[in-house]
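Here's my_file_6.cif, which has mmCIF, C-alpha atoms:
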data_entry
loop_
_atom_site.label_atom_id
_atom_site.label_comp_id
_atom_site.auth_asym_id
_atom_site.auth_seq_id
_atom_site.Cartn_x
_atom_site.Cartn_y
_atom_site.Cartn_z
CA MET A 1 29.45 -55.33 -81.05
CA SER A 2 30.22 -52.28 -78.89
CA SER A 3 33.72 -50.95 -78.37
CA ASP A 4 33.53 -51.85 -74.66
CA MET A 5 32.71 -55.44 -75.56
CA GLU A 6 35.58 -55.62 -78.06
CA LYS A 7 38.04 -54.22 -75.52
CA TYR A 8 36.74 -56.67 -72.93
CA LEU A 9 37.13 -59.69 -75.22
CA VAL A 10 40.61 -58.67 -76.33
CA GLU A 11 41.90 -58.19 -72.78
CA LEU A 12 40.31 -61.24 -71.20
CA GLY A 13 40.55 -63.42 -74.31
CA SER A 14 44.34 -63.22 -74.11
CA LYS A 15 44.23 -64.62 -70.55
CA ILE A 16 41.31 -67.04 -70.89
CA LEU A 17 41.69 -69.18 -74.00
CA CYS A 18 38.80 -70.82 -75.84
CA ARG A 19 36.05 -69.26 -73.73
CA ASN A 20 34.88 -66.32 -75.86
CA ASN A 21 31.25 -67.50 -76.04
CA VAL A 22 31.02 -67.79 -72.25
CA LEU A 23 32.70 -64.41 -71.78
CA LYS A 24 30.15 -62.81 -74.11
CA GLN A 25 27.24 -64.40 -72.23
CA LEU A 26 28.50 -63.20 -68.87
CA TYR A 27 29.25 -59.71 -70.17
CA TYR A 28 25.70 -59.34 -71.53
CA LEU A 29 24.37 -60.41 -68.13
CA ILE A 30 26.51 -58.37 -65.72
CA GLY A 31 28.98 -56.35 -67.84
CA ASN A 32 27.06 -53.08 -68.08
CA LYS A 33 27.45 -51.24 -64.79
CA ASP A 34 24.42 -49.00 -65.32
CA GLU A 35 21.97 -51.84 -65.91
CA PRO A 36 20.23 -53.80 -63.13
CA LYS A 37 21.79 -57.17 -62.52
CA PRO A 38 19.92 -60.49 -62.80
CA GLU A 39 18.79 -62.22 -59.62
CA SER A 40 21.16 -65.18 -59.92
CA ILE A 41 23.38 -67.05 -62.40
CA PHE A 42 24.28 -70.73 -62.33
CA LEU A 43 27.68 -71.41 -63.93
CA TYR A 44 28.26 -75.12 -64.42
CA GLY A 45 30.40 -77.58 -66.35
CA HIS A 46 32.72 -80.54 -65.90
CA VAL A 47 35.71 -80.45 -63.56
CA SER A 48 38.59 -78.30 -64.81
CA THR A 49 36.72 -76.39 -67.52
CA GLY A 50 37.72 -72.95 -66.24
CA LYS A 51 34.56 -71.96 -64.34
CA SER A 52 36.25 -70.33 -61.34
CA PHE A 53 39.06 -68.92 -63.48
CA VAL A 54 36.59 -67.22 -65.84
CA ILE A 55 34.48 -65.60 -63.13
CA GLU A 56 37.47 -64.42 -61.08
CA ASN A 57 39.08 -62.69 -64.06
CA LEU A 58 35.76 -61.22 -65.19
CA LEU A 59 35.05 -59.61 -61.82
CA SER A 60 38.61 -58.30 -61.56
CA TYR A 61 38.19 -56.69 -64.99
CA LEU A 62 34.79 -55.15 -64.18
CA LYS A 63 36.06 -53.88 -60.80
CA TYR A 64 32.76 -54.52 -59.06
CA ASN A 65 32.53 -54.82 -55.31
CA HIS A 66 32.42 -58.59 -55.08
CA SER A 67 33.02 -61.55 -52.80
CA ILE A 68 34.04 -65.07 -53.85
CA ILE A 69 33.49 -67.75 -51.25
CA ASN A 70 34.50 -71.41 -51.43
CA CYS A 71 31.70 -73.44 -49.84
CA ILE A 72 34.11 -76.25 -48.96
CA GLU A 73 36.00 -73.95 -46.59
CA TYR A 74 32.92 -72.38 -44.96
CA GLN A 75 30.37 -75.04 -44.10
CA THR A 76 27.96 -73.15 -41.82
CA SER A 77 25.59 -70.32 -42.70
CA LYS A 78 27.02 -68.07 -39.95
CA ARG A 79 30.58 -68.36 -41.27
CA ILE A 80 29.36 -67.69 -44.82
CA PHE A 81 27.51 -64.53 -43.72
CA GLU A 82 30.47 -63.16 -41.80
CA TYR A 83 32.98 -63.93 -44.55
CA ILE A 84 30.90 -62.14 -47.21
CA LEU A 85 30.38 -59.07 -45.02
CA VAL A 86 34.10 -58.82 -44.26
CA ASP A 87 34.97 -59.32 -47.93
CA LEU A 88 32.56 -56.63 -49.17
CA SER A 89 33.41 -54.09 -46.48
CA SER A 90 36.64 -52.20 -45.98
CA HIS A 91 37.20 -54.09 -42.73
CA LYS A 92 40.40 -56.12 -42.70
CA LEU A 93 41.13 -58.99 -40.36
CA SER A 94 44.30 -58.44 -38.35
CA SER A 95 46.06 -59.79 -35.29
CA GLU A 96 45.73 -56.41 -33.57
CA ASP A 97 42.01 -56.95 -32.94
CA ASN A 98 42.38 -60.73 -32.61
CA PHE A 99 40.97 -61.25 -36.13
CA ALA A 100 37.55 -59.93 -35.15
CA VAL A 101 34.91 -60.10 -37.89
CA TYR A 102 33.08 -57.07 -39.31
CA LYS A 103 29.96 -57.72 -37.26
CA LYS A 104 28.38 -60.76 -35.69
CA CYS A 105 25.77 -62.22 -37.98
CA ASP A 106 23.66 -65.17 -36.85
CA ASN A 107 20.77 -65.23 -39.36
CA PHE A 108 19.79 -64.16 -42.85
CA LEU A 109 17.82 -61.10 -41.73
CA ASP A 110 20.86 -59.69 -39.93
CA PHE A 111 22.91 -60.43 -43.03
CA ILE A 112 20.57 -58.41 -45.26
CA LEU A 113 20.54 -55.43 -42.86
CA GLN A 114 24.32 -55.37 -42.59
CA LEU A 115 24.69 -55.84 -46.35
CA LYS A 116 22.53 -52.75 -46.92
CA ASP A 117 24.75 -50.75 -44.56
CA ILE A 118 27.85 -51.75 -46.53
CA VAL A 119 26.41 -51.15 -50.01
CA GLY A 120 24.57 -47.93 -49.17
CA SER A 121 22.11 -46.23 -51.49
CA ASN A 122 24.38 -45.38 -54.43
CA GLY A 123 23.13 -48.32 -56.50
CA ASP A 124 26.58 -49.72 -57.30
CA PRO A 125 26.38 -53.39 -58.29
CA VAL A 126 27.49 -56.11 -55.90
CA ILE A 127 28.39 -59.66 -57.00
CA ILE A 128 28.55 -62.63 -54.61
CA VAL A 129 30.04 -65.86 -55.99
CA PHE A 130 29.55 -69.26 -54.34
CA ASP A 131 32.17 -71.67 -55.66
CA LYS A 132 31.50 -75.41 -55.12
CA CYS A 133 27.93 -74.42 -54.32
CA GLU A 134 26.73 -78.05 -54.29
CA ARG A 135 27.97 -78.13 -50.68
CA MET A 136 25.14 -75.72 -49.78
CA ARG A 137 22.66 -78.58 -50.23
CA ASP A 138 23.95 -80.04 -46.95
CA MET A 139 23.56 -76.77 -45.02
CA ASP A 140 20.44 -74.98 -43.79
CA PRO A 141 17.68 -75.93 -46.28
CA ASN A 142 16.59 -72.27 -46.56
CA LEU A 143 20.09 -70.93 -47.26
CA LEU A 144 20.32 -71.63 -50.99
CA PRO A 145 16.74 -70.50 -51.81
CA ALA A 146 17.33 -67.28 -49.85
CA PHE A 147 20.56 -66.43 -51.69
CA LEU A 148 18.82 -67.12 -55.01
CA ARG A 149 16.34 -64.35 -54.07
CA LEU A 150 18.84 -62.05 -52.36
CA LYS A 151 18.18 -59.18 -54.78
CA GLU A 152 14.43 -59.40 -54.21
CA LEU A 153 14.75 -59.72 -50.43
CA SER A 154 17.33 -56.96 -49.95
CA GLY A 155 16.18 -54.47 -52.57
CA ILE A 156 19.75 -53.70 -53.67
CA ASN A 157 21.51 -54.22 -57.00
CA VAL A 158 23.10 -57.55 -56.12
CA CYS A 159 23.63 -60.69 -58.18
CA THR A 160 24.52 -64.11 -56.78
CA ILE A 161 26.55 -66.45 -58.99
CA PHE A 162 26.69 -70.15 -58.21
CA VAL A 163 29.56 -72.24 -59.58
CA SER A 164 29.28 -76.03 -59.64
CA ASP A 165 30.44 -79.21 -61.37
CA ILE A 166 26.93 -80.71 -61.40
CA VAL A 167 23.71 -79.78 -63.19
CA TRP A 168 20.99 -77.60 -61.67
CA GLU A 169 18.48 -80.47 -61.54
CA LYS A 170 20.52 -81.96 -58.67
CA PHE A 171 19.67 -78.89 -56.52
CA HIS A 172 15.87 -79.16 -56.60
CA SER A 173 14.24 -79.27 -53.18
CA LYS A 174 10.71 -79.81 -51.89
CA THR A 175 10.37 -76.16 -50.88
CA GLY A 176 11.01 -74.92 -54.41
CA MET A 177 13.59 -72.40 -55.56
CA LEU A 178 13.94 -69.56 -58.03
CA GLU A 179 15.42 -70.77 -61.32
CA PRO A 180 18.73 -69.02 -62.03
CA ILE A 181 20.07 -68.13 -65.47
CA LYS A 182 22.18 -71.11 -66.54
CA VAL A 183 25.54 -70.70 -68.27
CA TYR A 184 27.26 -73.89 -69.40
CA LEU A 185 30.99 -74.37 -69.94
CA PRO A 186 31.60 -77.34 -72.28
CA GLN A 187 34.70 -79.48 -72.08
CA TYR A 188 37.66 -78.37 -74.17
CA THR A 189 38.06 -79.92 -77.59
CA ARG A 190 41.38 -81.47 -78.58
CA ASP A 191 42.46 -78.35 -80.52
CA GLU A 192 41.52 -76.12 -77.59
CA MET A 193 43.42 -78.37 -75.18
CA ALA A 194 46.48 -78.19 -77.43
CA LYS A 195 46.35 -74.37 -77.30
CA ILE A 196 46.16 -74.42 -73.50
CA LEU A 197 49.01 -76.92 -73.07
CA PHE A 198 51.14 -74.93 -75.50
CA LEU A 199 51.24 -72.08 -72.95
CA ASN A 200 53.66 -74.18 -70.87
CA LYS A 201 56.23 -74.48 -73.66
CA PRO A 202 59.81 -74.13 -72.37
CA GLN A 203 61.47 -71.03 -73.77
CA SER A 204 64.48 -73.02 -74.97
CA ASN A 205 62.41 -75.13 -77.39
CA ASP A 206 61.11 -74.32 -80.86
CA ASP A 207 57.35 -73.72 -81.32
CA SER A 208 56.88 -76.36 -84.01
CA PHE A 209 58.87 -78.93 -82.02
CA TYR A 210 56.68 -78.46 -78.94
CA LYS A 211 53.47 -78.49 -81.01
CA ASN A 212 54.48 -81.85 -82.47
CA TYR A 213 55.03 -83.15 -78.95
CA ILE A 214 51.64 -81.88 -77.73
CA ASN A 215 49.90 -83.59 -80.67
CA LEU A 216 51.64 -86.88 -79.90
CA PHE A 217 50.89 -86.53 -76.19
CA LEU A 218 47.19 -85.82 -76.75
CA SER A 219 46.86 -88.72 -79.19
CA VAL A 220 47.43 -91.00 -76.17
CA PHE A 221 45.99 -89.05 -73.20
CA PHE A 222 43.08 -86.97 -74.52
CA ARG A 223 40.72 -89.89 -75.08
CA PHE A 224 40.96 -90.95 -71.42
CA CYS A 225 41.44 -87.64 -69.58
CA ARG A 226 40.00 -84.14 -70.12
CA ASP A 227 41.24 -82.59 -66.88
CA VAL A 228 43.47 -79.63 -67.76
CA ASN A 229 45.47 -79.82 -64.55
CA GLU A 230 46.24 -83.53 -64.93
CA LEU A 231 47.14 -83.19 -68.60
CA ARG A 232 49.35 -80.16 -67.95
CA TYR A 233 51.24 -82.05 -65.25
CA MET A 234 51.70 -85.22 -67.31
CA ALA A 235 52.74 -83.24 -70.41
CA MET A 236 55.46 -81.51 -68.40
CA ILE A 237 56.74 -84.79 -66.90
CA ASN A 238 56.79 -86.73 -70.17
CA PHE A 239 58.40 -83.93 -72.17
CA LYS A 240 61.66 -84.49 -70.29
CA LYS A 241 61.80 -88.02 -71.70
CA TYR A 242 60.69 -86.87 -75.18
CA VAL A 243 63.49 -84.33 -75.50
CA GLU A 244 66.28 -86.61 -74.18
CA PRO A 245 67.35 -88.17 -77.52
CA VAL A 246 67.35 -84.73 -79.16
CA GLU A 247 69.57 -83.21 -76.48
CA SER A 248 71.95 -86.19 -76.63
CA GLY A 249 72.19 -85.94 -80.43
CA GLN A 250 70.72 -89.40 -81.10
CA LEU A 251 67.70 -88.05 -83.01
CA ASP A 252 66.92 -84.96 -85.06
CA SER A 253 64.26 -82.61 -83.68
CA ASN A 254 62.35 -82.77 -87.01
CA ASP A 255 62.22 -86.58 -87.13
CA VAL A 256 58.71 -86.89 -85.68
CA SER A 257 58.34 -90.60 -86.52
CA ALA A 258 61.50 -91.60 -84.66
CA LEU A 259 60.59 -89.41 -81.70
CA TRP A 260 57.15 -91.05 -81.57
CA ARG A 261 58.62 -94.56 -81.58
CA ASN A 262 60.89 -93.53 -78.71
CA ILE A 263 58.15 -92.01 -76.53
CA SER A 264 55.01 -94.05 -77.39
CA SER A 265 55.62 -96.92 -74.97
CA ILE A 266 56.45 -94.49 -72.14
CA LEU A 267 53.27 -92.47 -72.73
CA LYS A 268 51.12 -95.60 -72.63
CA LYS A 269 52.73 -96.79 -69.39
CA ASN A 270 52.24 -93.43 -67.71
CA LEU A 271 48.62 -93.32 -68.84
CA GLU A 272 47.94 -96.04 -66.24
CA VAL A 273 49.13 -93.86 -63.35
CA ILE A 274 47.85 -90.45 -64.49
CA TYR A 275 45.51 -89.90 -61.52
CA LEU A 276 48.09 -91.11 -58.99
CA ARG A 277 50.20 -88.08 -59.97
CA VAL A 278 53.39 -90.10 -59.51
CA SER A 279 56.41 -87.88 -60.06
CA THR A 280 59.25 -90.19 -61.09
CA ASP A 281 62.23 -89.35 -63.27
CA ASP A 282 63.00 -92.82 -64.59
CA PHE A 283 59.44 -93.85 -65.64
CA GLN A 284 59.75 -97.46 -64.48
CA ASP A 285 57.10 -100.09 -65.00
CA ARG A 286 53.91 -100.15 -62.96
CA ALA A 287 55.08 -103.20 -61.05
CA GLN A 288 58.11 -101.40 -59.67
CA LEU A 289 56.03 -98.34 -58.86
CA SER A 290 53.73 -100.44 -56.67
CA VAL A 291 56.77 -101.72 -54.75
CA GLU A 292 58.13 -98.20 -54.21
CA ILE A 293 54.77 -97.05 -52.81
CA GLU A 294 55.46 -98.86 -49.54
CA SER A 295 58.63 -97.08 -48.54
CA THR A 296 59.48 -94.11 -50.77
CA THR A 297 58.93 -90.72 -49.23
CA LYS A 298 58.76 -89.12 -52.65
CA LEU A 299 55.83 -91.30 -53.68
CA ALA A 300 54.10 -90.89 -50.31
CA LEU A 301 54.05 -87.14 -50.78
CA SER A 302 52.79 -87.51 -54.36
CA PHE A 303 49.57 -89.24 -53.18
CA GLU A 304 46.98 -86.46 -52.94
CA LEU A 305 44.75 -88.26 -50.46
CA PRO A 306 41.91 -86.32 -48.81
CA PHE A 307 42.47 -85.26 -45.19
CA TYR A 308 40.15 -87.88 -43.65
CA ALA A 309 41.45 -90.61 -45.98
CA LYS A 310 44.92 -90.09 -44.50
CA TYR A 311 43.56 -90.66 -41.01
CA LEU A 312 41.71 -93.75 -42.24
CA LEU A 313 44.96 -95.12 -43.65
CA ILE A 314 46.77 -94.40 -40.37
CA ALA A 315 43.98 -96.16 -38.47
CA ALA A 316 44.27 -99.16 -40.81
CA PHE A 317 48.03 -99.34 -40.18
CA LEU A 318 47.53 -99.22 -36.41
CA ALA A 319 44.84 -101.91 -36.62
CA SER A 320 47.21 -104.13 -38.64
CA TYR A 321 50.18 -103.86 -36.29
CA ASN A 322 48.63 -103.35 -32.84
CA PRO A 323 47.07 -106.21 -30.84
CA ALA A 324 43.32 -105.75 -30.55
CA LYS A 325 43.37 -106.29 -26.77
CA GLU A 326 45.57 -103.18 -26.37
CA ASP A 327 43.22 -100.79 -28.21
CA LYS A 328 41.57 -99.57 -25.03
CA ARG A 329 44.89 -98.73 -23.39
CA LEU A 330 46.33 -97.10 -26.50
CA PHE A 331 43.38 -95.01 -27.68
CA LEU A 332 40.99 -94.23 -24.81
CA LYS A 333 41.83 -91.10 -22.84
CA GLN A 334 40.46 -92.58 -19.62
CA SER A 335 42.88 -95.47 -19.83
CA SER A 336 45.88 -93.16 -19.48
CA LYS A 337 45.17 -92.95 -15.76
CA ARG A 338 45.48 -96.70 -15.35
CA LYS A 339 48.73 -97.95 -13.91
CA LYS A 340 50.98 -99.81 -16.25
CA ARG A 341 51.06 -103.52 -15.47
CA ILE A 342 54.46 -105.05 -14.88
CA PRO A 343 54.74 -108.37 -16.74
CA THR A 344 55.62 -111.32 -14.51
CA ASN A 345 56.97 -113.62 -17.22
CA LYS A 346 60.29 -113.04 -18.89
CA LYS A 347 59.45 -114.47 -22.27
CA PRO A 348 60.81 -112.41 -25.18
CA ILE A 349 58.26 -110.21 -26.88
CA ILE A 350 58.05 -110.72 -30.65
CA ALA A 351 57.72 -107.46 -32.54
CA ARG A 352 54.47 -107.47 -34.50
CA MET A 353 55.87 -105.10 -37.15
CA SER A 354 58.51 -107.66 -38.14
CA SER A 355 55.93 -110.42 -38.55
CA GLY A 356 53.86 -108.52 -41.11
CA PRO A 357 50.40 -106.90 -41.08
CA ARG A 358 47.41 -108.75 -39.66
CA GLN A 359 43.84 -108.54 -40.86
CA PHE A 360 41.27 -106.50 -38.97
CA PRO A 361 37.50 -105.90 -39.20
CA LEU A 362 36.11 -102.67 -40.60
CA THR A 363 34.49 -101.64 -37.30
CA ARG A 364 37.85 -101.76 -35.50
CA MET A 365 39.48 -99.49 -38.07
CA LEU A 366 36.62 -96.97 -37.82
CA ALA A 367 36.80 -97.04 -34.01
CA ILE A 368 40.53 -96.27 -34.11
CA PHE A 369 39.86 -93.53 -36.69
CA CYS A 370 37.36 -91.82 -34.38
CA ALA A 371 39.78 -92.12 -31.45
CA ILE A 372 42.86 -90.60 -33.14
CA ILE A 373 41.19 -87.69 -34.93
CA ASP A 374 40.74 -84.53 -32.86
CA GLU A 375 37.29 -83.61 -34.15
CA LYS A 376 33.86 -85.20 -34.23
CA VAL A 377 33.41 -86.76 -37.66
CA ASP A 378 30.22 -88.15 -39.16
CA LEU A 379 30.87 -91.59 -40.65
CA ASN A 380 28.84 -90.94 -43.80
CA ALA A 381 28.90 -92.51 -47.26
CA SER A 382 31.42 -89.97 -48.61
CA LEU A 383 33.90 -90.92 -45.92
CA LEU A 384 33.40 -94.67 -46.30
CA ALA A 385 33.82 -94.34 -50.08
CA GLN A 386 37.50 -93.58 -49.45
CA ILE A 387 38.07 -97.21 -48.37
CA PRO A 388 37.52 -98.89 -51.78
CA THR A 389 39.54 -96.09 -53.37
CA MET A 390 42.52 -96.92 -51.14
CA CYS A 391 42.06 -100.60 -52.02
CA LYS A 392 42.36 -99.73 -55.71
CA LEU A 393 45.49 -97.71 -54.97
CA GLY A 394 47.05 -100.74 -53.29
CA LEU A 395 47.17 -99.14 -49.84
CA LEU A 396 44.60 -101.52 -48.36
CA ALA A 397 43.72 -105.11 -49.25
CA GLU A 398 40.31 -106.69 -48.69
CA ILE A 399 40.62 -110.17 -47.20
CA GLY A 400 38.43 -113.05 -48.37
CA ASP A 401 34.84 -113.05 -49.56
CA ASN A 402 32.92 -110.72 -47.25
CA ASN A 403 29.46 -110.99 -48.74
CA LEU A 404 27.96 -112.25 -45.48
CA ASP A 405 30.52 -111.45 -42.80
CA GLU A 406 31.88 -108.10 -41.72
CA PRO A 407 34.51 -106.81 -44.20
CA LYS A 408 38.11 -107.48 -43.19
CA PHE A 409 41.16 -105.63 -44.47
CA ARG A 410 44.94 -105.55 -44.22
CA CYS A 411 47.14 -102.47 -44.53
CA CYS A 412 49.63 -102.83 -47.40
CA ALA A 413 51.56 -99.62 -46.75
CA GLY A 414 54.88 -99.78 -44.92
CA TYR A 415 55.94 -97.87 -41.82
CA ASP A 416 58.07 -95.34 -43.76
CA PHE A 417 55.12 -94.52 -46.01
CA ILE A 418 52.70 -94.12 -43.08
CA LEU A 419 55.24 -92.00 -41.20
CA VAL A 420 55.30 -89.50 -44.06
CA ILE A 421 51.50 -89.49 -44.33
CA SER A 422 51.12 -88.93 -40.58
CA LYS A 423 53.52 -85.98 -40.67
CA THR A 424 51.41 -84.26 -43.34
CA VAL A 425 48.44 -84.18 -40.91
CA GLY A 426 50.50 -83.49 -37.77
CA PHE A 427 49.90 -86.90 -36.20
CA SER A 428 52.57 -88.67 -34.12
CA ILE A 429 52.13 -92.33 -34.98
CA SER A 430 54.99 -93.44 -32.74
CA ASN A 431 52.83 -92.62 -29.69
CA TYR A 432 50.25 -95.22 -30.72
CA LEU A 433 52.33 -98.13 -32.03
CA TYR A 434 52.43 -101.02 -29.58
CA ASP A 435 55.96 -102.13 -30.62
CA LEU A 436 57.37 -98.69 -29.83
CA ILE A 437 55.75 -98.02 -26.45
CA HIS A 438 55.08 -101.40 -24.77
#

Before anything else, please render the file you have as structure tokens.
Amino acid sequence: MSSDMEKYLVELGSKILCRNNVLKQLYYLIGNKDEPKPESIFLYGHVSTGKSFVIENLLSYLKYNHSIINCIEYQTSKRIFEYILVDLSSHKLSSEDNFAVYKKCDNFLDFILQLKDIVGSNGDPVIIVFDKCERMRDMDPNLLPAFLRLKELSGINVCTIFVSDIVWEKFHSKTGMLEPIKVYLPQYTRDEMAKILFLNKPQSNDDSFYKNYINLFLSVFFRFCRDVNELRYMAMINFKKYVEPVESGQLDSNDVSALWRNISSILKKNLEVIYLRVSTDDFQDRAQLSVEIESTTKLALSFELPFYAKYLLIAAFLASYNPAKEDKRLFLKQSSKRKKRIPTNKKPIIARMSSGPRQFPLTRMLAIFCAIIDEKVDLNASLLAQIPTMCKLGLLAEIGDNNLDEPKFRCCAGYDFILVISKTVGFSISNYLYDLIH
């Protein structure tokens, strides 16, 4: 092993635990600045195995001219081209020039010509990383094959690295593509996970005491969850309860058996809500947590719902509490010009919110969703898959047996909960609730 390799592994190995084999593979592929770079590399592995973290630290160490683009944020080929060119050039976006891009770039040929101008003829390596590259399958069908052959098409020393959670076989297309060099990141073993979680040890606690806690924690959680972020969060939350009897003097810090008996039931209860990321201090039973979901602002903020799922939930709430005959007046822009009708009878109006949520058909909820969101959204399978997820979370309830008829639902979330959710997306729900504006 060369001295450069040893220095590289020592410096990065202290930051990136349990990934020495992957670091060696990547260094052999792109670590030597004087050698030509491979056409493309496909870095893949399960969620939360350190793929993006490894490549970001590697490129920072090698000090190559590089660009890392998240394909979730840039969903058109034009935006991808312009972002990469700005990132690789010395051009900086600023308010002085109204955030003008480096150069307009509408197609792949223009991108190659402008990339050559930026790189020049000095032969310095350039690395372009596409994180979450599986999103590129939904873009221009020629985009991914072209970036796989970017070095061949441009004639410069450039390497494209694709980072994904899925295997390469899921990317195959009818047109055919160049096979990249595949680098796999396996899931962390239990010992490796213990090393990673140990990095979050509070300074006030002894090393052996915290190691005992991590071993107890992983004995419950590791079998069911391998996500580093989720485990790190739950380990931090549960440690507060684990250390309570020690701080109060009830138990000795070396009495592992007594500490386990005190914490085991709590760990098992919180295992049920690990992916809800519920941040409670008292660790109450699941039944009480489901009651608090309806009205607690703290729990509403802890639900990490996708952006469109929040609008779907808001639409479900409006469909549950608004009369169907008022949908046109409340949601269609053209109806705002219509004069408000003055009721002739003087019968008291019963507030629908006080009488509980009513059931509604799926098509009505989707129609309200399309009306309240400010952009044109394709109602695809990914979007509709959020509905059963919200049913499992207890936010929606499916009514009856809908094998033959159109599915019907009822919103189970309360007004306080929906108010918090609507604020997170900048939506004013009070302008669309019939009880508040009739």

| Expected selection from the PyMOL selection byres ((chain A and resi 307) around 12), given as a PyMOL selection string | chain A and resi 303-306+308-314+373+377+383+386+421-427

I'd like the box whose edges run along x, y and z of the file and which contains every listed atom of range 383-392 of chain A, padded by 4 Å per side; could you state its centre and edge lengths in Å, one decimal, as AutoDock Vina command-line options?
--center_x 38.0 --center_y -95.8 --center_z -50.8 --size_x 17.1 --size_y 17.7 --size_z 17.8

Near Ala258 in chain A, counting only C-alpha atoms, which residues have an atom at most 10 Å away, once you skip same-chain residues fewer than 6 positions from it, shown as a PDB file with C-alpha atoms, in the frame of the given file?
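Heads up, here's the output in selection.pdb:
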ATOM      1  CA  PRO A 245      67.350 -88.170 -77.520  1.00  0.00           C
ATOM      2  CA  LEU A 251      67.700 -88.050 -83.010  1.00  0.00           C
ATOM      3  CA  ASP A 252      66.920 -84.960 -85.060  1.00  0.00           C
TER       4      ASP A 252
END

| query | Could you name the residues that touch Asn238 in chain A at 10 Å or less, counting only C-alpha atoms, but leaving out those on the same chain fewer than 2 positions away, as a list in words? | reply |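 The contact residues come out as Tyr213, Phe217, Tyr233, Met234, Ala235, Met236, Lys240, Lys241, Tyr242, Val243, Ile263, Ile266, Leu267, Asn270, Asp281 and Phe283 of chain A.
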
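Using all atoms listed in the file for every distance, the candidate list A:Gly414, A:Arg190, A:Leu59, A:Asp140 yields A:Gly414 as the residue closest to Leu395 in chain A.
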
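Pairwise distance (CA of Ile55 in chain A, CA of Leu23 in chain A) equals 8.9 Å.
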
| remark: Atom pair CA of Leu318 in chain A + CA of Glu398 in chain A, distance 16.1 Å

| task | Report the distance between CA of Phe111 in chain A and CA of Thr76 in chain A in Å, rounded to one decimal place. | result | 13.7 Å
